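A.B. asks: Here you go, this is entry-v7.cif (mmCIF, C-alpha atoms).
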data_query
#
loop_
_atom_site.group_PDB
_atom_site.id
_atom_site.type_symbol
_atom_site.label_atom_id
_atom_site.label_comp_id
_atom_site.auth_asym_id
_atom_site.auth_seq_id
_atom_site.Cartn_x
_atom_site.Cartn_y
_atom_site.Cartn_z
ATOM 1 C CA MET A 1 -13.529 13.513 -4.628
ATOM 2 C CA LYS A 2 -12.076 13.336 -8.080
ATOM 3 C CA TYR A 3 -8.474 12.341 -7.305
ATOM 4 C CA LYS A 4 -8.283 11.095 -3.713
ATOM 5 C CA HIS A 5 -10.840 8.398 -2.949
ATOM 6 C CA TYR A 6 -11.433 5.751 -0.243
ATOM 7 C CA ALA A 7 -8.438 7.020 1.682
ATOM 8 C CA PRO A 8 -7.321 7.024 5.285
ATOM 9 C CA ASN A 9 -6.145 10.330 6.754
ATOM 10 C CA ALA A 10 -2.501 9.273 6.378
ATOM 11 C CA GLU A 11 -0.633 9.997 3.154
ATOM 12 C CA VAL A 12 -0.544 6.847 1.051
ATOM 13 C CA TYR A 13 2.300 6.078 -1.357
ATOM 14 C CA ILE A 14 2.184 3.178 -3.801
ATOM 15 C CA VAL A 15 5.593 1.467 -3.917
ATOM 16 C CA THR A 16 6.155 -0.439 -7.169
ATOM 17 C CA GLY A 17 8.940 -2.811 -8.131
ATOM 18 C CA SER A 18 9.987 -6.199 -6.838
ATOM 19 C CA SER A 19 9.091 -7.208 -3.306
ATOM 20 C CA GLU A 20 12.736 -7.006 -2.261
ATOM 21 C CA ALA A 21 13.277 -3.554 -3.797
ATOM 22 C CA ALA A 22 10.059 -2.278 -2.197
ATOM 23 C CA ALA A 23 11.107 -3.583 1.219
ATOM 24 C CA ALA A 24 14.542 -1.952 0.878
ATOM 25 C CA TYR A 25 12.926 1.346 -0.170
ATOM 26 C CA VAL A 26 10.554 1.326 2.803
ATOM 27 C CA ARG A 27 13.223 0.278 5.327
ATOM 28 C CA LYS A 28 15.408 3.233 4.270
ATOM 29 C CA ARG A 29 12.590 5.705 4.865
ATOM 30 C CA PHE A 30 10.571 4.085 7.643
ATOM 31 C CA SER A 31 10.033 6.064 10.844
ATOM 32 C CA ASP A 32 7.567 6.274 13.730
ATOM 33 C CA GLY A 33 4.095 6.949 12.413
ATOM 34 C CA ASP A 34 4.593 4.881 9.255
ATOM 35 C CA ALA A 35 2.844 1.669 8.231
ATOM 36 C CA VAL A 36 2.966 -0.749 5.311
ATOM 37 C CA LEU A 37 0.025 -2.200 3.395
ATOM 38 C CA CYS A 38 1.303 -5.303 1.631
ATOM 39 C CA PHE A 39 0.493 -8.762 0.314
ATOM 40 C CA GLU A 40 0.460 -11.679 2.774
ATOM 41 C CA GLU A 41 3.454 -13.204 0.977
ATOM 42 C CA GLU A 42 5.470 -10.057 1.732
ATOM 43 C CA LEU A 43 4.804 -9.815 5.483
ATOM 44 C CA PRO A 44 8.232 -11.268 6.442
ATOM 45 C CA LEU A 45 10.009 -8.692 4.235
ATOM 46 C CA PHE A 46 8.342 -5.824 6.098
ATOM 47 C CA ASP A 47 8.801 -7.247 9.601
ATOM 48 C CA GLY A 48 9.384 -4.362 12.019
ATOM 49 C CA CYS A 49 7.739 -1.844 9.661
ATOM 50 C CA ASN A 50 4.191 -2.064 11.051
ATOM 51 C CA PRO A 51 2.880 -4.210 8.150
ATOM 52 C CA THR A 52 -0.757 -5.016 7.438
ATOM 53 C CA ALA A 53 -1.611 -7.589 4.773
ATOM 54 C CA TYR A 54 -4.781 -7.137 2.762
ATOM 55 C CA GLY A 55 -4.718 -10.438 0.859
ATOM 56 C CA ARG A 56 -2.569 -12.760 -1.224
ATOM 57 C CA ILE A 57 -1.052 -11.627 -4.514
ATOM 58 C CA ALA A 58 -1.517 -15.196 -5.717
ATOM 59 C CA ASP A 59 -5.305 -14.773 -5.202
ATOM 60 C CA VAL A 60 -6.337 -11.241 -6.148
ATOM 61 C CA LYS A 61 -9.912 -11.838 -4.976
ATOM 62 C CA THR A 62 -8.542 -11.815 -1.410
ATOM 63 C CA LEU A 63 -7.034 -8.389 -2.148
ATOM 64 C CA SER A 64 -10.396 -7.132 -3.345
ATOM 65 C CA ALA A 65 -12.108 -8.492 -0.240
ATOM 66 C CA GLY A 66 -9.495 -7.110 2.162
ATOM 67 C CA LEU A 67 -8.578 -3.688 0.772
ATOM 68 C CA PHE A 68 -11.189 -1.465 2.396
ATOM 69 C CA ALA A 69 -11.006 -3.212 5.771
ATOM 70 C CA ALA A 70 -7.225 -2.803 5.773
ATOM 71 C CA LEU A 71 -7.462 0.875 4.853
ATOM 72 C CA ARG A 72 -9.981 1.429 7.650
ATOM 73 C CA ASP A 73 -7.717 -0.434 10.071
ATOM 74 C CA LEU A 74 -4.812 1.833 9.125
ATOM 75 C CA ASP A 75 -6.913 4.975 9.525
ATOM 76 C CA ARG A 76 -5.552 5.713 12.998
ATOM 77 C CA PRO A 77 -4.292 9.090 14.264
ATOM 78 C CA GLU A 78 -0.800 7.756 15.000
ATOM 79 C CA ILE A 79 -0.265 6.648 11.380
ATOM 80 C CA LYS A 80 0.956 9.510 9.199
ATOM 81 C CA THR A 81 2.341 7.659 6.145
ATOM 82 C CA ILE A 82 1.344 4.358 4.549
ATOM 83 C CA TYR A 83 3.574 2.628 2.013
ATOM 84 C CA ALA A 84 1.322 0.382 -0.066
ATOM 85 C CA ARG A 85 1.952 -2.484 -2.454
ATOM 86 C CA CYS A 86 -0.373 -2.603 -5.431
ATOM 87 C CA PRO A 87 -1.273 -5.576 -7.654
ATOM 88 C CA GLU A 88 -0.617 -5.405 -11.376
ATOM 89 C CA GLY A 89 -2.602 -6.913 -14.205
ATOM 90 C CA GLY A 90 -6.103 -6.874 -15.563
ATOM 91 C CA GLY A 91 -9.509 -7.791 -14.218
ATOM 92 C CA VAL A 92 -9.791 -7.835 -10.439
ATOM 93 C CA ALA A 93 -6.121 -6.815 -10.018
ATOM 94 C CA TYR A 94 -6.768 -3.731 -12.155
ATOM 95 C CA ALA A 95 -9.859 -2.795 -10.118
ATOM 96 C CA VAL A 96 -8.010 -3.208 -6.793
ATOM 97 C CA GLY A 97 -5.047 -1.237 -8.138
ATOM 98 C CA ASN A 98 -7.331 1.534 -9.345
ATOM 99 C CA ARG A 99 -8.999 1.911 -5.931
ATOM 100 C CA LEU A 100 -5.641 1.836 -4.155
ATOM 101 C CA LYS A 101 -4.172 4.445 -6.505
ATOM 102 C CA LYS A 102 -7.142 6.701 -5.821
ATOM 103 C CA ALA A 103 -6.596 6.249 -2.078
ATOM 104 C CA ALA A 104 -2.997 7.336 -2.684
ATOM 105 C CA ALA A 105 -4.093 10.305 -4.789
ATOM 106 C CA PHE A 106 -1.933 8.681 -7.509
ATOM 107 C CA ARG A 107 1.309 9.106 -5.522
ATOM 108 C CA CYS A 108 3.532 6.301 -6.805
ATOM 109 C CA VAL A 109 7.238 5.615 -6.406
ATOM 110 C CA ASP A 110 9.307 3.061 -8.296
ATOM 111 C CA ALA A 111 11.492 1.273 -5.735
ATOM 112 C CA GLU A 112 13.676 -0.076 -8.547
ATOM 113 C CA ALA A 113 14.575 3.463 -9.700
ATOM 114 C CA GLU A 114 15.225 4.956 -6.244
ATOM 115 C CA PRO A 115 18.708 4.969 -4.737
#
Please, can you express the file's structure as structure tokens?
C.D. replies:
Amino acid sequence: MKYKHYAPNAEVYIVTGSSEAAAAYVRKRFSDGDAVLCFEEELPLFDGCNPTAYGRIADVKTLSAGLFAALRDLDRPEIKTIYARCPEGGGVAYAVGNRLKKAAAFRCVDAEAEP
């Protein structure tokens, strides 16, 4: 599996940009069968959008520990699309981001650039 790796059956899209822009992007497109994979700090922004937190952005080790469990939890037949938030930076954040991007088959959207 060269490009898509550690992925649920749903299509995963990485949504970049500020938390507020990402939430606005998702809310515009959200429908039945969608879910959000986000940071704990962002849960209130995605209320009503079937959010699952996989850790705290302020502590990237929690993201590393929670990523695969969250992806498995979201691997349900009723979920068709997952909008995911991805950490930025080096070290552990880079490793988590790399695994998440592989799960998304490198499908990324910039919420700041979308109308």
A.B. asks: Given the PyMOL selection byres ((chain A and resi 41-53) around 9) and the file above, list the residues it selects as a list in words.
C.D. replies: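 Taken on the displayed file, the PyMOL selection byres ((chain A and resi 41-53) around 9) yields the residues Ser19, Glu20, Ala23, Ala24, Val26, Arg27, Phe30, Ser31, Asp34, Ala35, Val36, Leu37, Cys38, Phe39, Glu40, Tyr54, Gly55, Arg56, Ile57, Ala58, Leu63, Gly66, Leu67, Ala70, Asp73 and Leu74 of chain A.
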A.B. asks: Please save C-alpha atoms of the selected residues as an mmCIF file, keeping the file's coordinate frame.
C.D. replies:
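That gives us again.cif:
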data_model
loop_
_atom_site.group_PDB
_atom_site.id
_atom_site.type_symbol
_atom_site.label_atom_id
_atom_site.label_comp_id
_atom_site.auth_asym_id
_atom_site.auth_seq_id
_atom_site.Cartn_x
_atom_site.Cartn_y
_atom_site.Cartn_z
ATOM 1 C CA SER A 19 9.091 -7.208 -3.306
ATOM 2 C CA GLU A 20 12.736 -7.006 -2.261
ATOM 3 C CA ALA A 23 11.107 -3.583 1.219
ATOM 4 C CA ALA A 24 14.542 -1.952 0.878
ATOM 5 C CA VAL A 26 10.554 1.326 2.803
ATOM 6 C CA ARG A 27 13.223 0.278 5.327
ATOM 7 C CA PHE A 30 10.571 4.085 7.643
ATOM 8 C CA SER A 31 10.033 6.064 10.844
ATOM 9 C CA ASP A 34 4.593 4.881 9.255
ATOM 10 C CA ALA A 35 2.844 1.669 8.231
ATOM 11 C CA VAL A 36 2.966 -0.749 5.311
ATOM 12 C CA LEU A 37 0.025 -2.200 3.395
ATOM 13 C CA CYS A 38 1.303 -5.303 1.631
ATOM 14 C CA PHE A 39 0.493 -8.762 0.314
ATOM 15 C CA GLU A 40 0.460 -11.679 2.774
ATOM 16 C CA TYR A 54 -4.781 -7.137 2.762
ATOM 17 C CA GLY A 55 -4.718 -10.438 0.859
ATOM 18 C CA ARG A 56 -2.569 -12.760 -1.224
ATOM 19 C CA ILE A 57 -1.052 -11.627 -4.514
ATOM 20 C CA ALA A 58 -1.517 -15.196 -5.717
ATOM 21 C CA LEU A 63 -7.034 -8.389 -2.148
ATOM 22 C CA GLY A 66 -9.495 -7.110 2.162
ATOM 23 C CA LEU A 67 -8.578 -3.688 0.772
ATOM 24 C CA ALA A 70 -7.225 -2.803 5.773
ATOM 25 C CA ASP A 73 -7.717 -0.434 10.071
ATOM 26 C CA LEU A 74 -4.812 1.833 9.125
#
A.B. asks: Which residue, A:Ala7, A:Ile82, A:Cys108, A:Ala93, has the smallest gap to Phe68 in chain A when you use only C-alpha atoms?
C.D. replies: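 Among the listed residues, the smallest separation from Phe68 in chain A belongs to A:Ala7.
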A.B. asks: Let me make sure I understand: among A:Lys28, A:Cys86, A:Lys61, A:Ala69, which one has the smallest atom-to-atom distance to Phe106 in chain A if we use only C-alpha atoms?
C.D. replies: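 That would be A:Cys86, the residue with the smallest distance to Phe106 in chain A.
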A.B. asks: Calculated over all atoms listed in the file, which of the candidates A:Thr81, A:Arg29, A:Tyr94, A:Asp110 has the smallest distance to Glu11 in chain A?
C.D. replies: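 That would be A:Thr81, the residue with the smallest distance to Glu11 in chain A.
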A.B. asks: Around range 73-80 of chain A, with edges along x, y and z and 4 Å added on all six sides, what centre and edge lengths do you get, in Å to one decimal, as AutoDock Vina command-line options?
C.D. replies:
--center_x -3.4 --center_y 4.5 --center_z 12.1 --size_x 16.7 --size_y 17.9 --size_z 13.9
A.B. asks: Mind giving me the straight-line distance from CA of Gly97 in chain A to CA of Tyr83 in chain A in Å, one decimal?
C.D. replies: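 For CA of Gly97 in chain A relative to CA of Tyr83 in chain A, the distance reads 13.9 Å.
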A.B. asks: Can you list, as a list in words, every protein, DNA or RNA residue that comes within 7 Å of Ala111 in chain A when you count all atoms listed in the file, leaving out same-chain residues fewer than 4 positions away?
C.D. replies: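 The contact residues come out as Val15, Thr16, Gly17, Ala21, Ala22 and Tyr25 of chain A.
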A.B. asks: Run through the PyMOL selection byres ((chain A and resi 105) around 9) on the given coordinates and return the selected residues as a PyMOL selection string.
C.D. replies: chain A and resi 3-5+7+11-13+100-104+106-108
A.B. asks: Between CA of Asp32 in chain A and CA of Ala113 in chain A, what is the distance in Å, rounded to a tenth?
C.D. replies: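 The value is 24.6 Å.
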A.B. asks: Between CA of Ser64 in chain A and CA of Glu78 in chain A, what is the spacing in Å?
C.D. replies: 25.5 Å
A.B. asks: Name the residues captured by the PyMOL selection byres ((chain A and resi 77) around 10) when it is applied to the shown file; answer as a PyMOL selection string.
C.D. replies: chain A and resi 8-10+33+74-76+78-80
